[in-house]
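Just final_1.cif here, mmCIF, C-alpha atoms:
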```cif
data_query
#
loop_
_atom_site.label_atom_id
_atom_site.label_comp_id
_atom_site.auth_asym_id
_atom_site.auth_seq_id
_atom_site.Cartn_x
_atom_site.Cartn_y
_atom_site.Cartn_z
CA MET A 1498 7.00 -16.64 -1.92
CA ASN A 1499 8.78 -16.46 -5.25
CA SER A 1500 7.54 -18.08 -8.40
CA VAL A 1501 9.61 -20.39 -10.56
CA GLU A 1502 9.75 -20.86 -14.30
CA ILE A 1503 10.43 -24.36 -15.56
CA SER A 1504 10.94 -25.81 -19.01
CA ALA A 1505 10.46 -29.51 -19.70
CA ARG A 1506 9.25 -31.82 -22.43
CA THR A 1507 5.67 -31.78 -21.19
CA VAL A 1508 3.62 -29.48 -18.98
CA GLU A 1509 3.12 -32.30 -16.48
CA GLU A 1510 6.82 -32.91 -16.24
CA ALA A 1511 7.55 -29.21 -15.76
CA LEU A 1512 4.91 -28.99 -13.05
CA GLU A 1513 6.39 -31.93 -11.23
CA ILE A 1514 9.84 -30.32 -11.22
CA ALA A 1515 8.40 -26.99 -10.09
CA LEU A 1516 6.45 -28.52 -7.21
CA GLN A 1517 9.49 -30.39 -6.06
CA LYS A 1518 11.53 -27.23 -6.19
CA LEU A 1519 8.94 -25.25 -4.19
CA ASN A 1520 8.20 -28.17 -1.92
CA LEU A 1521 4.44 -27.68 -2.42
CA THR A 1522 1.47 -29.62 -3.73
CA GLU A 1523 -0.61 -28.79 -6.80
CA GLU A 1524 -3.36 -27.30 -4.63
CA GLU A 1525 -0.97 -24.79 -3.13
CA VAL A 1526 0.10 -23.12 -6.37
CA LYS A 1527 -1.11 -21.22 -9.42
CA ILE A 1528 0.09 -22.51 -12.76
CA LYS A 1529 0.52 -20.42 -15.88
CA ILE A 1530 1.52 -22.00 -19.16
CA LEU A 1531 4.01 -19.73 -20.92
CA GLU A 1532 4.73 -22.01 -23.87
CA GLU A 1533 2.85 -25.06 -25.05
CA PRO A 1534 5.11 -27.89 -26.07
CA SER A 1535 5.10 -29.13 -29.66
CA LYS A 1536 6.51 -32.35 -30.92
CA GLY A 1537 7.64 -30.87 -34.19
CA PHE A 1538 7.84 -32.76 -37.44
CA LEU A 1539 8.49 -36.46 -36.88
CA GLY A 1540 9.68 -35.59 -33.43
CA ILE A 1541 12.79 -33.95 -34.80
CA LEU A 1542 12.19 -30.60 -36.45
CA GLY A 1543 10.80 -27.64 -34.52
CA GLN A 1544 10.56 -29.46 -31.26
CA LYS A 1545 9.52 -27.08 -28.52
CA MET A 1546 9.72 -27.48 -24.79
CA ALA A 1547 6.83 -26.73 -22.48
CA LYS A 1548 7.41 -23.73 -20.28
CA ILE A 1549 5.35 -22.92 -17.22
CA LYS A 1550 5.36 -20.44 -14.40
CA VAL A 1551 4.37 -21.72 -10.99
CA THR A 1552 3.48 -19.28 -8.22
CA PRO A 1553 2.73 -20.28 -4.66
CA ASN A 1554 -0.76 -19.32 -3.46
CA ILE A 1555 -0.65 -16.49 -1.02
CA ASP A 1556 -2.81 -16.23 2.02
CA PRO A 1557 -3.48 -12.47 1.98
CA LEU A 1558 -4.36 -12.29 5.65
CA ALA A 1559 -1.21 -14.08 6.78
CA LEU A 1560 0.90 -11.91 4.49
CA THR A 1561 -0.77 -8.72 5.74
CA LYS A 1562 -0.21 -9.61 9.37
CA GLU A 1563 3.35 -10.71 8.81
CA PHE A 1564 4.24 -7.52 6.92
CA LEU A 1565 2.62 -5.21 9.46
CA GLU A 1566 4.10 -7.03 12.42
CA GLU A 1567 7.55 -6.61 10.98
CA ILE A 1568 7.05 -2.93 10.11
CA THR A 1569 5.56 -1.91 13.45
CA GLN A 1570 8.27 -3.77 15.31
CA LEU A 1571 10.96 -1.98 13.30
CA MET A 1572 9.22 1.30 14.07
CA GLY A 1573 9.74 0.46 17.72
CA LEU A 1574 6.03 0.10 18.45
CA ASN A 1575 4.36 -2.40 20.69
CA VAL A 1576 1.02 -3.11 19.05
CA ASP A 1577 -1.75 -5.65 18.92
CA MET A 1578 -3.87 -6.08 15.84
CA GLU A 1579 -7.61 -6.56 15.83
CA VAL A 1580 -8.45 -8.26 12.57
CA LEU A 1581 -11.72 -8.25 10.70
CA ALA A 1582 -11.57 -10.03 7.37
CA ASP A 1583 -13.75 -11.43 4.62
CA ASN A 1584 -13.09 -12.21 0.96
CA GLU A 1585 -12.81 -8.61 -0.15
CA TYR A 1586 -11.64 -6.73 2.89
CA ILE A 1587 -9.06 -7.01 5.59
CA LYS A 1588 -9.54 -4.46 8.32
CA ILE A 1589 -6.79 -4.12 10.86
CA ASN A 1590 -7.18 -1.96 13.93
CA PHE A 1591 -3.93 -1.38 15.79
CA VAL A 1592 -4.24 -1.11 19.55
CA GLY A 1593 -1.52 -0.19 21.98
CA LYS A 1594 0.21 2.70 23.63
CA LYS A 1595 1.85 5.71 22.00
CA LEU A 1596 0.49 4.98 18.57
CA GLY A 1597 0.35 8.64 17.59
CA ILE A 1598 3.34 8.26 15.31
CA LEU A 1599 1.51 5.49 13.47
CA ILE A 1600 -1.30 7.92 12.66
CA GLY A 1601 0.87 10.91 11.76
CA ARG A 1602 -0.33 14.34 10.81
CA ARG A 1603 -3.99 13.99 9.83
CA GLY A 1604 -3.49 10.29 9.27
CA ASP A 1605 -0.60 10.72 6.81
CA THR A 1606 1.46 7.86 8.19
CA LEU A 1607 -1.52 5.56 8.51
CA ASP A 1608 -2.55 6.29 4.90
CA ALA A 1609 1.02 5.70 3.65
CA LEU A 1610 1.30 2.39 5.47
CA GLN A 1611 -2.13 1.36 4.25
CA TYR A 1612 -1.14 2.15 0.66
CA LEU A 1613 2.10 0.17 0.93
CA THR A 1614 0.35 -2.80 2.53
CA ASN A 1615 -2.22 -2.86 -0.29
CA LEU A 1616 0.59 -2.91 -2.86
CA VAL A 1617 2.52 -5.65 -1.10
CA VAL A 1618 -0.42 -7.96 -0.55
CA ASN A 1619 -1.88 -7.45 -4.02
CA LYS A 1620 1.45 -7.73 -5.80
CA TYR A 1621 1.00 -11.45 -6.30
CA ASN A 1622 -2.56 -11.08 -7.53
CA TYR A 1623 -1.50 -8.57 -10.15
CA GLN A 1624 1.21 -10.89 -11.34
CA SER A 1625 -1.21 -13.70 -11.93
CA GLY A 1626 -3.33 -11.19 -13.82
CA SER A 1627 -6.56 -11.60 -11.91
CA ASN A 1628 -7.69 -8.23 -10.65
CA SER A 1629 -10.91 -9.75 -9.41
CA GLU A 1630 -9.00 -11.26 -6.51
CA ARG A 1631 -7.77 -7.92 -5.32
CA ILE A 1632 -8.22 -7.52 -1.65
CA LYS A 1633 -8.66 -4.16 0.02
CA ILE A 1634 -6.78 -3.53 3.21
CA ILE A 1635 -7.94 -0.86 5.62
CA LEU A 1636 -5.78 0.15 8.54
CA ASP A 1637 -6.92 2.01 11.61
CA VAL A 1638 -5.41 2.97 14.94
CA GLU A 1639 -7.65 2.74 17.98
CA GLY A 1640 -10.69 3.69 15.91
CA TYR A 1641 -9.01 6.87 14.61
CA ARG A 1642 -10.74 6.77 11.22
CA GLN A 1643 -14.16 6.34 12.80
CA ARG A 1644 -13.59 9.30 15.11
CA ARG A 1645 -12.21 11.41 12.26
CA GLU A 1646 -15.33 10.68 10.21
CA GLU A 1647 -17.56 11.84 13.05
CA THR A 1648 -15.49 14.99 13.52
CA LEU A 1649 -15.58 15.83 9.81
CA THR A 1650 -19.32 15.19 9.56
CA LYS A 1651 -19.99 17.50 12.49
CA LEU A 1652 -17.69 20.12 11.03
CA ALA A 1653 -19.44 19.85 7.66
CA TYR A 1654 -22.86 20.54 9.21
CA LYS A 1655 -21.50 23.45 11.21
CA MET A 1656 -19.88 25.06 8.18
CA ALA A 1657 -22.94 24.47 6.02
CA LYS A 1658 -25.00 26.35 8.56
CA LYS A 1659 -22.51 29.19 8.50
CA VAL A 1660 -22.64 29.39 4.70
CA GLN A 1661 -26.41 29.42 4.79
CA GLN A 1662 -26.44 32.25 7.33
CA THR A 1663 -23.72 34.46 5.90
CA GLY A 1664 -24.02 33.60 2.20
CA ARG A 1665 -20.24 33.41 2.00
CA LYS A 1666 -18.42 30.30 0.91
CA VAL A 1667 -16.29 28.23 3.26
CA VAL A 1668 -13.02 26.71 2.08
CA PHE A 1669 -11.67 23.69 3.94
CA GLU A 1670 -8.08 22.69 4.46
CA PRO A 1671 -6.63 20.26 1.92
CA MET A 1672 -7.84 16.71 2.52
CA ASN A 1673 -7.35 13.32 0.96
CA PRO A 1674 -10.09 11.83 -1.25
CA GLN A 1675 -11.61 9.72 1.54
CA GLU A 1676 -11.96 12.71 3.82
CA ARG A 1677 -13.36 14.91 1.06
CA ARG A 1678 -15.94 12.26 0.33
CA ILE A 1679 -17.05 12.32 3.97
CA ILE A 1680 -17.83 16.05 3.65
CA HIS A 1681 -19.59 15.68 0.29
CA THR A 1682 -21.66 12.77 1.57
CA ALA A 1683 -22.63 14.55 4.76
CA LEU A 1684 -24.02 17.52 2.85
CA GLN A 1685 -25.40 15.89 -0.29
CA ASP A 1686 -29.03 16.28 0.79
CA GLU A 1687 -28.74 19.86 2.03
CA GLU A 1688 -30.94 22.12 -0.08
CA PHE A 1689 -29.30 25.48 0.52
CA VAL A 1690 -25.65 24.65 0.04
CA GLN A 1691 -23.55 22.74 -2.46
CA THR A 1692 -20.09 21.24 -2.12
CA ILE A 1693 -17.34 21.17 -4.72
CA SER A 1694 -13.66 20.21 -4.71
CA GLU A 1695 -10.99 22.46 -6.10
CA GLY A 1696 -7.25 22.23 -6.68
CA VAL A 1697 -4.88 19.36 -7.35
CA ASP A 1698 -3.90 16.63 -4.88
CA PRO A 1699 -2.38 16.76 -2.33
CA PHE A 1700 -3.78 20.30 -2.03
CA ARG A 1701 -7.29 19.57 -3.26
CA ARG A 1702 -9.88 20.99 -0.92
CA VAL A 1703 -13.62 21.09 -0.42
CA ILE A 1704 -15.59 24.30 -0.74
CA ILE A 1705 -19.11 24.84 0.55
CA LYS A 1706 -21.16 27.41 -1.38
CA LYS A 1707 -24.64 28.79 -1.15
CA VAL A 1708 -26.86 27.43 -3.93
CA MET B 1099 15.87 2.55 9.93
CA GLU B 1100 17.84 0.91 7.14
CA GLU B 1101 16.14 -2.31 8.10
CA LEU B 1102 12.71 -0.69 7.80
CA VAL B 1103 13.49 0.60 4.30
CA LYS B 1104 14.83 -2.81 3.38
CA VAL B 1105 11.77 -4.73 4.58
CA ILE B 1106 9.41 -2.42 2.69
CA ALA B 1107 11.49 -2.50 -0.50
CA ASN B 1108 11.89 -6.29 -0.35
CA ALA B 1109 8.14 -6.71 -0.10
CA LEU B 1110 7.47 -4.44 -3.08
CA VAL B 1111 10.00 -5.61 -5.66
CA ASP B 1112 10.33 -8.71 -7.81
CA ASN B 1113 14.05 -9.07 -7.15
CA PRO B 1114 14.58 -8.79 -3.39
CA GLU B 1115 18.12 -10.13 -3.75
CA ALA B 1116 19.05 -6.95 -5.61
CA VAL B 1117 17.83 -4.61 -2.85
CA GLN B 1118 20.61 -2.67 -1.16
CA VAL B 1119 20.26 -0.14 1.60
CA SER B 1120 23.04 2.01 3.01
CA ARG B 1121 23.17 4.78 5.55
CA GLN B 1122 25.19 7.96 5.59
CA GLU B 1123 25.29 10.18 8.56
CA GLU B 1124 25.91 13.88 8.16
CA GLU B 1125 25.92 16.70 10.66
CA ASP B 1126 22.23 17.51 10.48
CA LYS B 1127 20.78 14.62 8.54
CA ILE B 1128 20.77 10.90 7.95
CA ILE B 1129 20.64 9.78 4.36
CA ILE B 1130 19.31 6.32 3.61
CA GLU B 1131 20.14 5.20 0.11
CA LEU B 1132 18.00 2.56 -1.53
CA ARG B 1133 19.12 0.64 -4.57
CA VAL B 1134 16.97 -1.85 -6.45
CA ALA B 1135 17.20 -3.73 -9.74
CA PRO B 1136 16.56 -1.40 -12.72
CA GLU B 1137 13.33 -3.20 -13.61
CA ASP B 1138 12.07 -2.70 -10.05
CA MET B 1139 12.56 1.07 -9.99
CA GLY B 1140 8.91 1.65 -10.80
CA LYS B 1141 7.86 -0.58 -7.92
CA VAL B 1142 9.56 1.63 -5.33
CA ILE B 1143 8.84 4.97 -7.00
CA GLY B 1144 5.32 4.57 -8.41
CA LYS B 1145 3.26 6.91 -10.52
CA GLN B 1146 4.26 10.48 -9.73
CA GLY B 1147 6.45 9.14 -6.96
CA ARG B 1148 3.50 7.99 -4.90
CA ILE B 1149 5.18 4.85 -3.58
CA ALA B 1150 8.44 6.68 -2.81
CA ARG B 1151 6.42 9.28 -0.94
CA ALA B 1152 4.66 6.62 1.13
CA ILE B 1153 7.98 4.94 2.00
CA ARG B 1154 9.40 8.31 3.09
CA THR B 1155 6.34 9.07 5.21
CA VAL B 1156 6.57 5.78 7.09
CA VAL B 1157 10.34 6.06 7.60
CA ARG B 1158 10.07 9.65 8.77
CA ALA B 1159 7.39 8.68 11.29
CA SER B 1160 9.64 6.00 12.65
CA ALA B 1161 12.49 8.51 12.91
CA THR B 1162 10.65 11.11 14.97
CA ARG B 1163 12.79 10.22 17.96
CA GLU B 1164 15.96 10.99 16.02
CA GLN B 1165 17.24 14.53 16.32
CA LYS B 1166 18.28 14.57 12.71
CA LYS B 1167 16.33 14.83 9.52
CA VAL B 1168 16.02 11.54 7.67
CA ILE B 1169 16.17 11.46 3.89
CA VAL B 1170 15.39 8.39 1.82
CA ASP B 1171 17.12 8.53 -1.55
CA ILE B 1172 16.34 6.11 -4.33
CA VAL B 1173 19.51 5.73 -6.35
CA ASP B 1174 19.88 4.30 -9.83
#
```
Structure rendered as structure tokens:
Amino acid sequence: MNSVEISARTVEEALEIALQKLNLTEEEVKIKILEEPSKGFLGILGQKMAKIKVTPNIDPLALTKEFLEEITQLMGLNVDMEVLADNEYIKINFVGKKLGILIGRRGDTLDALQYLTNLVVNKYNYQSGSNSERIKIILDVEGYRQRREETLTKLAYKMAKKVQQTGRKVVFEPMNPQERRIIHTALQDEEFVQTISEGVDPFRRVIIKKV
Amino acid sequence: MEELVKVIANALVDNPEAVQVSRQEEEDKIIIELRVAPEDMGKVIGKQGRIARAIRTVVRASATREQKKVIVDIVD
């Protein structure tokens, strides 16, 4: 998993040493040239070695699964993972018994684990400096996120109706950005109410007001 | 629980060999101390402590069966 930095007389030579050290082929690594070699004057003065950094290619899906398997096992959970992946997304749905602790209060634990997994898997992409290859990992437990979205959407409509009838604003409990967005999106086409967010995370909350 | 902290920290830092985790048990709480290489501190703390908070959340969830409060301390 770890990259190596090698100096040699030429880039080719350095690469050869690095590949031998990592026990990989050229197709399995990313190469970054840190210093170009120079022969110097008459091959004596100012001679500079080539220096390269060689990083093994990471299979994000394998890394994601490996990391999550280890974590859930250490948490004492017996889970299976349903995986849905393409080039930009990896969606993992945990299935199993007693997975409540993996969700946490309002999805706290699930969000924390999702955040950590994103950092771990994208660590190597950041290092090689190519943000374009960033992969987004979404974790769910037995369809929890889907159900939560439906609950919040229903709640949003109900509260919007209340605001329209009473003329008084409704203030929601603090929510994370994804959940706030669900409320905003649900009510964006409503003519008689508007939604705003107020406060600072993690206490930022949605308010529904009469227009 | 030390192992859980260790696995997460190892995966986040650039110098896994410098990661050290120890456990202290007190009457009403368990303190897990995490040490990493100085240049990796940011990788386990994050902007406004966001990463540290996420680590604590996951560890606390895993410790719900424990009777004691679990504290994860990042020590420099």
Pull out every residue that the PyMOL selection byres ((chain B) within 9 of (chain A)) matches in the shown coordinates and put them as an mmCIF file with C-alpha atoms, in the coordinates of the input.
```cif
data_model
loop_
_atom_site.group_PDB
_atom_site.id
_atom_site.type_symbol
_atom_site.label_atom_id
_atom_site.label_comp_id
_atom_site.auth_asym_id
_atom_site.auth_seq_id
_atom_site.Cartn_x
_atom_site.Cartn_y
_atom_site.Cartn_z
ATOM 1 C CA MET B 1099 15.870 2.550 9.930
ATOM 2 C CA GLU B 1101 16.140 -2.310 8.100
ATOM 3 C CA LEU B 1102 12.710 -0.690 7.800
ATOM 4 C CA VAL B 1105 11.770 -4.730 4.580
ATOM 5 C CA ILE B 1106 9.410 -2.420 2.690
ATOM 6 C CA ALA B 1109 8.140 -6.710 -0.100
ATOM 7 C CA LEU B 1110 7.470 -4.440 -3.080
ATOM 8 C CA VAL B 1111 10.000 -5.610 -5.660
ATOM 9 C CA ASP B 1112 10.330 -8.710 -7.810
ATOM 10 C CA ILE B 1149 5.180 4.850 -3.580
ATOM 11 C CA ARG B 1151 6.420 9.280 -0.940
ATOM 12 C CA ALA B 1152 4.660 6.620 1.130
ATOM 13 C CA ILE B 1153 7.980 4.940 2.000
ATOM 14 C CA ARG B 1154 9.400 8.310 3.090
ATOM 15 C CA THR B 1155 6.340 9.070 5.210
ATOM 16 C CA VAL B 1156 6.570 5.780 7.090
ATOM 17 C CA VAL B 1157 10.340 6.060 7.600
ATOM 18 C CA ARG B 1158 10.070 9.650 8.770
ATOM 19 C CA ALA B 1159 7.390 8.680 11.290
ATOM 20 C CA SER B 1160 9.640 6.000 12.650
ATOM 21 C CA ALA B 1161 12.490 8.510 12.910
ATOM 22 C CA THR B 1162 10.650 11.110 14.970
#
```
> Which residue, B:Val1119, B:Asp1174, B:Ala1150, B:Gln1165, has the smallest gap to B:Glu1137 when you use all atoms listed in the file?
Replying inline: B:Asp1174
Taking every listed atom of stretch 1128-1140 of chain B and adding 8 Å to each side, what centre and edge lengths in Å (one decimal) does the axis-aligned box have, as AutoDock Vina command-line options?
```
--center_x 14.8 --center_y 3.6 --center_z -2.8 --size_x 27.9 --size_y 30.6 --size_z 37.6
```
> Between atom CA of B:Arg1121 and atom CA of B:Pro1136, what is the distance, to one decimal in Å?
Replying inline: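 Going from atom CA of B:Arg1121 over to atom CA of B:Pro1136 covers 20.4 Å.
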> For this file, the PyMOL selection byres ((chain B and resi 1127) around 9) selects which residues, as JSON, numbers by chain?
Replying inline: {"B": [1122, 1123, 1124, 1125, 1126, 1128, 1129, 1165, 1166, 1167, 1168, 1169]}
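Among the candidate residues A:Lys1707, A:Lys1562, A:Lys1548, A:Arg1506, the one lying nearest to A:Leu1581 is A:Lys1562, with distances computed using only C-alpha atoms.
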Stretch 1153-1170 of chain B rebuilt with N, CA, C and O atoms, output as a compact mmCIF listing (two decimals), keeping the file's coordinate frame:
```
# COMPACT_ATOMS: atom_id res chain seq x y z
N ILE B 1153 6.84 5.51 1.28
CA ILE B 1153 7.98 4.94 2.00
C ILE B 1153 8.60 6.02 2.89
O ILE B 1153 8.87 5.80 4.07
N ARG B 1154 8.79 7.21 2.33
CA ARG B 1154 9.40 8.31 3.09
C ARG B 1154 8.54 8.68 4.29
O ARG B 1154 9.06 8.94 5.38
N THR B 1155 7.24 8.71 4.11
CA THR B 1155 6.34 9.07 5.21
C THR B 1155 6.47 8.09 6.37
O THR B 1155 6.57 8.48 7.53
N VAL B 1156 6.48 6.80 6.04
CA VAL B 1156 6.57 5.78 7.09
C VAL B 1156 7.93 5.84 7.79
O VAL B 1156 8.02 5.78 9.02
N VAL B 1157 9.00 6.01 7.01
CA VAL B 1157 10.34 6.06 7.60
C VAL B 1157 10.49 7.30 8.48
O VAL B 1157 11.03 7.24 9.57
N ARG B 1158 9.97 8.42 7.99
CA ARG B 1158 10.07 9.65 8.77
C ARG B 1158 9.31 9.52 10.09
O ARG B 1158 9.77 9.99 11.12
N ALA B 1159 8.17 8.87 10.06
CA ALA B 1159 7.39 8.68 11.29
C ALA B 1159 8.19 7.87 12.29
O ALA B 1159 8.23 8.17 13.48
N SER B 1160 8.86 6.86 11.77
CA SER B 1160 9.64 6.00 12.65
C SER B 1160 10.87 6.71 13.18
O SER B 1160 11.45 6.30 14.19
N ALA B 1161 11.27 7.80 12.52
CA ALA B 1161 12.49 8.51 12.91
C ALA B 1161 12.22 9.74 13.74
O ALA B 1161 13.11 10.54 13.98
N THR B 1162 10.97 9.89 14.21
CA THR B 1162 10.65 11.11 14.97
C THR B 1162 11.50 11.26 16.23
O THR B 1162 11.72 12.36 16.69
N ARG B 1163 11.97 10.13 16.74
CA ARG B 1163 12.79 10.22 17.96
C ARG B 1163 14.21 10.69 17.67
O ARG B 1163 14.92 11.16 18.53
N GLU B 1164 14.62 10.53 16.40
CA GLU B 1164 15.96 10.99 16.02
C GLU B 1164 15.98 12.52 16.01
O GLU B 1164 14.99 13.15 15.68
N GLN B 1165 17.10 13.07 16.34
CA GLN B 1165 17.24 14.53 16.32
C GLN B 1165 17.44 15.03 14.89
O GLN B 1165 17.17 16.17 14.58
N LYS B 1166 17.92 14.15 14.07
CA LYS B 1166 18.28 14.57 12.71
C LYS B 1166 17.17 14.29 11.71
O LYS B 1166 16.32 13.44 11.92
N LYS B 1167 17.25 15.02 10.62
CA LYS B 1167 16.33 14.83 9.52
C LYS B 1167 16.71 13.54 8.78
O LYS B 1167 17.89 13.26 8.60
N VAL B 1168 15.72 12.77 8.39
CA VAL B 1168 16.02 11.54 7.67
C VAL B 1168 15.56 11.66 6.22
O VAL B 1168 14.43 12.04 5.94
N ILE B 1169 16.48 11.35 5.32
CA ILE B 1169 16.17 11.46 3.89
C ILE B 1169 16.30 10.08 3.27
O ILE B 1169 17.30 9.39 3.49
N VAL B 1170 15.29 9.65 2.55
CA VAL B 1170 15.39 8.39 1.82
C VAL B 1170 15.61 8.71 0.35
O VAL B 1170 14.79 9.34 -0.29
```
